[in-house]
Structures are given as C-alpha cells and as structure tokens.
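Chemist: Structure: structure36.cif, mmCIF, C-alpha atoms.
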```
data_entry
loop_
_atom_site.label_atom_id
_atom_site.label_comp_id
_atom_site.auth_asym_id
_atom_site.auth_seq_id
_atom_site.Cartn_x
_atom_site.Cartn_y
_atom_site.Cartn_z
CA MET A 1 -0.68 55.94 -136.07
CA ASN A 2 2.40 57.79 -137.10
CA LEU A 3 4.54 57.04 -134.04
CA PRO A 4 7.70 55.10 -133.20
CA PRO A 5 6.80 51.55 -132.06
CA LEU A 6 7.68 52.09 -128.40
CA VAL A 7 5.61 55.29 -128.21
CA GLN A 8 2.73 53.68 -130.12
CA THR A 9 2.62 50.77 -127.67
CA PHE A 10 2.30 53.17 -124.73
CA VAL A 11 -0.26 55.40 -126.46
CA LEU A 12 -2.43 52.42 -127.43
CA HIS A 13 -2.23 50.96 -123.94
CA PHE A 14 -3.10 54.28 -122.32
CA GLY A 15 -6.12 54.53 -124.61
CA GLU A 16 -7.29 51.09 -123.49
CA MET A 17 -6.71 51.93 -119.85
CA GLY A 18 -8.46 55.28 -120.27
CA SER A 19 -11.70 53.52 -121.11
CA ARG A 20 -11.37 51.60 -117.82
CA TRP A 21 -10.69 54.82 -115.91
CA GLY A 22 -13.86 56.47 -117.18
CA ILE A 23 -12.46 58.52 -120.06
CA ASN A 24 -12.77 57.62 -123.71
CA ARG A 25 -9.99 55.91 -125.59
CA THR A 26 -9.04 58.94 -127.67
CA VAL A 27 -8.65 61.15 -124.59
CA GLY A 28 -6.33 58.53 -123.08
CA GLN A 29 -4.30 58.36 -126.28
CA ILE A 30 -4.03 62.15 -126.55
CA TYR A 31 -2.84 62.39 -122.97
CA ALA A 32 -0.26 59.65 -123.43
CA LEU A 33 1.06 61.34 -126.57
CA LEU A 34 1.32 64.72 -124.84
CA TYR A 35 2.95 63.16 -121.80
CA LEU A 36 5.69 61.53 -123.91
CA SER A 37 6.22 64.49 -126.22
CA LYS A 38 9.38 66.58 -125.77
CA GLU A 39 7.63 69.65 -127.17
CA PRO A 40 4.08 71.01 -126.84
CA LEU A 41 1.82 69.80 -129.66
CA ASN A 42 -1.02 71.50 -131.48
CA ALA A 43 -4.22 69.77 -132.55
CA GLU A 44 -2.95 69.11 -136.08
CA ASP A 45 0.18 67.43 -134.70
CA ILE A 46 -2.00 65.17 -132.57
CA VAL A 47 -4.32 64.32 -135.49
CA GLU A 48 -1.33 63.40 -137.64
CA ARG A 49 0.35 61.27 -134.99
CA ILE A 50 -2.56 59.26 -133.61
CA GLY A 51 -4.76 59.25 -136.70
CA VAL A 52 -8.09 60.40 -135.29
CA SER A 53 -10.39 63.15 -136.51
CA ARG A 54 -9.79 66.82 -135.72
CA SER A 55 -13.13 67.01 -133.91
CA ASN A 56 -12.18 64.05 -131.67
CA VAL A 57 -8.89 65.74 -130.84
CA SER A 58 -10.63 69.05 -130.06
CA MET A 59 -13.16 67.37 -127.77
CA GLY A 60 -10.40 65.35 -126.11
CA LEU A 61 -8.28 68.43 -125.48
CA LYS A 62 -11.29 70.24 -123.98
CA GLU A 63 -11.89 67.32 -121.64
CA LEU A 64 -8.24 67.26 -120.58
CA GLN A 65 -8.37 71.01 -119.98
CA ALA A 66 -11.50 70.58 -117.85
CA TRP A 67 -9.55 68.07 -115.76
CA ASN A 68 -6.62 70.55 -115.50
CA LEU A 69 -4.31 67.87 -116.89
CA VAL A 70 -2.89 69.83 -119.83
CA ARG A 71 -1.36 73.26 -120.19
CA LEU A 72 -2.31 75.58 -123.02
CA GLN A 73 0.64 77.40 -124.56
CA HIS A 74 1.27 79.78 -127.44
CA LYS A 75 4.30 80.27 -129.63
CA PRO A 76 5.35 83.69 -130.94
CA GLY A 77 4.04 84.29 -134.46
CA ASP A 78 1.79 81.18 -134.36
CA ARG A 79 -1.93 81.57 -133.66
CA ARG A 80 -2.47 77.89 -132.92
CA ASP A 81 -2.90 76.51 -129.42
CA TYR A 82 -0.21 74.15 -128.19
CA PHE A 83 -0.68 71.65 -125.39
CA SER A 84 1.62 69.91 -122.96
CA THR A 85 1.43 68.07 -119.67
CA PRO A 86 3.13 69.20 -116.48
CA ASP A 87 6.73 67.99 -116.29
CA ASP A 88 6.34 66.73 -112.73
CA ILE A 89 4.60 63.32 -112.60
CA TRP A 90 3.71 63.98 -108.95
CA GLN A 91 1.87 67.16 -109.94
CA ILE A 92 -0.06 65.18 -112.54
CA VAL A 93 -1.06 62.59 -109.94
CA ARG A 94 -2.03 65.28 -107.40
CA THR A 95 -4.17 67.04 -110.01
CA LEU A 96 -5.82 63.81 -111.13
CA VAL A 97 -6.66 62.80 -107.57
CA GLU A 98 -8.01 66.28 -106.75
CA GLU A 99 -10.17 66.33 -109.87
CA ARG A 100 -11.55 62.84 -109.17
CA LYS A 101 -12.29 63.90 -105.60
CA LYS A 102 -14.23 66.94 -106.85
CA ARG A 103 -16.22 64.85 -109.33
CA GLU A 104 -16.81 61.68 -107.30
CA ILE A 105 -16.21 62.03 -103.57
CA ASP A 106 -17.46 65.58 -102.91
CA PRO A 107 -20.92 65.05 -104.49
CA THR A 108 -21.28 61.75 -102.61
CA MET A 109 -20.34 63.44 -99.34
CA SER A 110 -22.92 66.18 -99.97
CA LEU A 111 -25.63 63.60 -100.60
CA LEU A 112 -24.67 61.57 -97.53
CA ARG A 113 -24.74 64.68 -95.29
CA GLU A 114 -28.16 65.63 -96.64
CA VAL A 115 -29.61 62.13 -96.19
CA LEU A 116 -28.13 61.71 -92.71
CA MET A 117 -29.84 64.91 -91.52
CA GLN A 118 -33.26 63.51 -92.39
CA GLU A 119 -35.39 61.71 -89.80
CA PRO A 120 -35.78 58.03 -90.74
CA ALA A 121 -39.42 56.98 -91.16
CA SER A 122 -38.95 53.25 -90.60
CA ALA A 123 -36.59 50.60 -89.27
CA GLU A 124 -35.45 49.98 -92.84
CA GLU A 125 -34.51 53.65 -93.26
CA ARG A 126 -32.73 53.66 -89.87
CA HIS A 127 -30.69 50.65 -91.01
CA ALA A 128 -29.95 52.37 -94.34
CA GLN A 129 -28.88 55.54 -92.51
CA ASP A 130 -26.59 53.53 -90.23
CA ARG A 131 -24.90 52.04 -93.29
CA MET A 132 -24.68 55.45 -94.97
CA ARG A 133 -23.20 56.91 -91.74
CA GLU A 134 -20.45 54.25 -91.90
CA MET A 135 -19.73 55.25 -95.49
CA HIS A 136 -19.81 58.96 -94.60
CA ASP A 137 -17.42 58.46 -91.69
CA LEU A 138 -15.02 56.46 -93.85
CA PHE A 139 -15.10 59.09 -96.62
CA GLU A 140 -14.62 61.83 -94.01
CA LEU A 141 -11.58 60.03 -92.63
CA LEU A 142 -10.15 59.48 -96.11
CA THR A 143 -10.72 63.07 -97.25
CA GLY A 144 -9.06 64.36 -94.06
CA TRP A 145 -6.09 62.06 -94.72
CA TYR A 146 -6.05 63.16 -98.35
CA ALA A 147 -5.95 66.84 -97.33
CA ASP A 148 -2.97 66.11 -95.07
CA VAL A 149 -1.17 64.19 -97.82
CA GLN A 150 -1.81 66.97 -100.36
CA ARG A 151 0.09 69.37 -98.09
CA LEU A 152 3.19 67.15 -98.05
CA ASP A 153 6.01 68.12 -100.35
CA THR A 154 6.89 65.52 -102.94
CA GLU A 155 9.99 64.29 -101.12
CA ARG A 156 7.96 63.56 -97.97
CA LEU A 157 5.21 61.92 -99.99
CA VAL A 158 7.73 59.58 -101.61
CA GLN A 159 9.11 58.74 -98.15
CA LEU A 160 5.60 57.97 -96.91
CA LEU A 161 4.85 55.74 -99.87
CA THR A 162 8.13 53.85 -99.59
CA LEU A 163 7.39 53.04 -95.95
CA GLY A 164 4.77 50.53 -97.04
CA SER A 165 4.09 48.00 -94.30
CA LYS A 166 6.75 49.60 -92.08
CA VAL A 167 4.00 52.03 -91.09
CA GLN A 168 2.62 49.22 -88.92
CA LYS A 169 5.84 49.20 -86.86
CA ILE A 170 5.70 52.97 -86.45
CA LEU A 171 2.09 52.74 -85.26
CA GLU A 172 2.98 49.97 -82.80
CA MET A 173 5.78 52.13 -81.40
CA LYS A 174 3.43 55.11 -81.15
CA ASP A 175 0.91 52.93 -79.27
CA ARG A 176 3.61 51.99 -76.75
CA LEU A 177 4.60 55.63 -76.26
CA PHE A 178 1.20 57.31 -76.27
CA VAL A 179 -2.25 56.27 -75.19
CA VAL A 180 -4.70 56.58 -78.09
CA PRO A 181 -7.99 58.30 -77.03
CA GLY A 182 -10.63 55.67 -76.46
CA SER A 183 -8.05 52.90 -76.28
CA ARG A 184 -7.50 50.95 -73.09
CA LYS A 185 -4.07 49.77 -74.27
CA GLY A 186 -1.19 50.68 -72.04
CA ARG A 187 -3.30 52.10 -69.20
CA PRO A 188 -2.10 51.03 -65.75
CA ASP A 189 -5.61 50.34 -64.48
CA ASP A 190 -6.26 47.67 -67.18
CA ALA A 191 -5.74 44.91 -64.67
CA LYS A 192 -8.27 46.41 -62.24
CA ASP A 193 -11.01 46.51 -64.92
CA LYS A 194 -10.80 42.75 -65.55
#
```
Taking this structure as input, can you express it in the form of structure tokens?
Modeler:
Amino acid sequence: MNLPPLVQTFVLHFGEMGSRWGINRTVGQIYALLYLSKEPLNAEDIVERIGVSRSNVSMGLKELQAWNLVRLQHKPGDRRDYFSTPDDIWQIVRTLVEERKKREIDPTMSLLREVLMQEPASAEERHAQDRMREMHDLFELLTGWYADVQRLDTERLVQLLTLGSKVQKILEMKDRLFVVPGSRKGRPDDAKDK
C-alpha cells in the first residue's frame, strides 16, 4: 500500500471488517480509501494507493455503485471516472441501512407473507407458521419503526440516539399519562377485575 500509516491502518481494518459485513476485503478497502480521501479518486489512483489489480478495483467500484455508496464524478478535460463518498456520514449510514433492508429484509418479508397465506397441512406446519408469524410481526414492527426513523432529520435522529436508556423514562411517563390500547395499566376499574 502506498498510504500514510494512519490511513493504511484504517483501510486495512475496514477491509477486514468488510469481509465480516458480507463484502469482500478489497471493496471494504476501496470504500475506506474513498471515505478518507479529500478529493475524488479514479481507478488508477485507487490501484496505486492500495496495491490491488485494476480488475479488482473495477469490480469493487461497481459493487459500491450498486449499493449507492459512491458518487461518480467527472472532471473537465478528463475522460476518466472519479469516485467519492457522500460527505455526510449520516447519509452514508441511511443509504447502507436502506440497501441492506432491500437486499435482506424485504425478500424475507415477501417469503414470510407468501408462506403465511398457505394452509398448513399438519401440526408441524402450524407450529412452523406460528413461529414464522412471530418473525413476520417483529420484522413488520421493525420496518415500520425504520420508516419513521428514516423520515427524521439528522438532528432529531442524533437526539433520539443520545437518549439511550432515558427512553424508558419517557415511556413510563407516557404510560402514566395515556392508556395504551390493550393495556389494563392505569384503568380505574382494575381493582374491580381482581
């Protein structure tokens, strides 16, 4: 690698982590390099800096484009393609989560809906459907929450994330102020039902 030590450490680590995230090492390294770069880089720049083949870089850039994680740019008088990452880390995270949802959650939800519409032929299938319904309902809840969170502006999202366990206190206060549908908490006739 032809990189300053600090940058090389990050690029190498991101490559290692990439293989754990389901992308190959080179794709992780390319992304890390683009993320840290002040200027957009072309494929030859990337080859020179991380020391992998031109074909690996081309395939890696195509994969990153398919994930909508890099921007293609052109410079006047230069026919080469230049690549960069969005400047906003929150936009990168939002894009990554959306792309993972499209590739992993959405197909699973489609399969679960299809399987849950079928009539079970045995007790074993009924049990399996009950378990799949639990998974479906959880995924449905999470995707609804995700859609709400995606609509938040970044400042609100940061506030939400920094709340951490304080959310529990907010929920407890809400429970004291409002009756949750299906909940018997706080209803005046609780004593009569006992």
Chemist: Please enumerate the residues selected by the PyMOL selection byres ((chain A and resi 7) around 12) when evaluated against the supplied file, formatted as a PyMOL selection string.
Modeler: chain A and resi 1-6+8-14+29-30+32-37+49-50
Chemist: Could you check which of A:Arg176, A:Lys166, A:Lys62, A:Arg113 is closest to A:Glu134, using only C-alpha atoms?
Modeler: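 Looking only at the distances to A:Glu134, the closest residue turns out to be A:Arg113.
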Chemist: With only C-alpha atoms as the counted atoms, please give the residues lying no more than 12 Å from A:Glu114, apart from itself and same-chain residues fewer than 5 positions off, as a count of residues only.
Modeler: 8
Chemist: Can you list what the PyMOL selection byres ((chain A and resi 52-56) around 12) grabs from this structure, as a list of chain:residue names?
Modeler: A:Met1, A:Asn2, A:Asn24, A:Arg25, A:Thr26, A:Val27, A:Gly28, A:Gln29, A:Ile30, A:Asn42, A:Ala43, A:Glu44, A:Asp45, A:Ile46, A:Val47, A:Glu48, A:Arg49, A:Ile50, A:Gly51, A:Val57, A:Ser58, A:Met59, A:Gly60, A:Leu61, A:Lys62, A:Glu63
Chemist: Decode the PyMOL selection byres ((chain A and resi 90) around 12) for the given file into explicit residues and return them as a ChimeraX atom specification.
Modeler: /A:69,85-89,91-97,150,152-158
Chemist: Calculate how many Å separate atom CA of A:Glu39 from atom CA of A:Glu98, rounding to one decimal.
Modeler: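 Answer for the atom CA of A:Glu39 to atom CA of A:Glu98 separation: 25.9 Å.
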Chemist: Between atom CA of A:Ser122 and atom CA of A:Leu138, what is the spacing in Å?
Modeler: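 Separation of atom CA of A:Leu138 and atom CA of A:Ser122: 24.4 Å.
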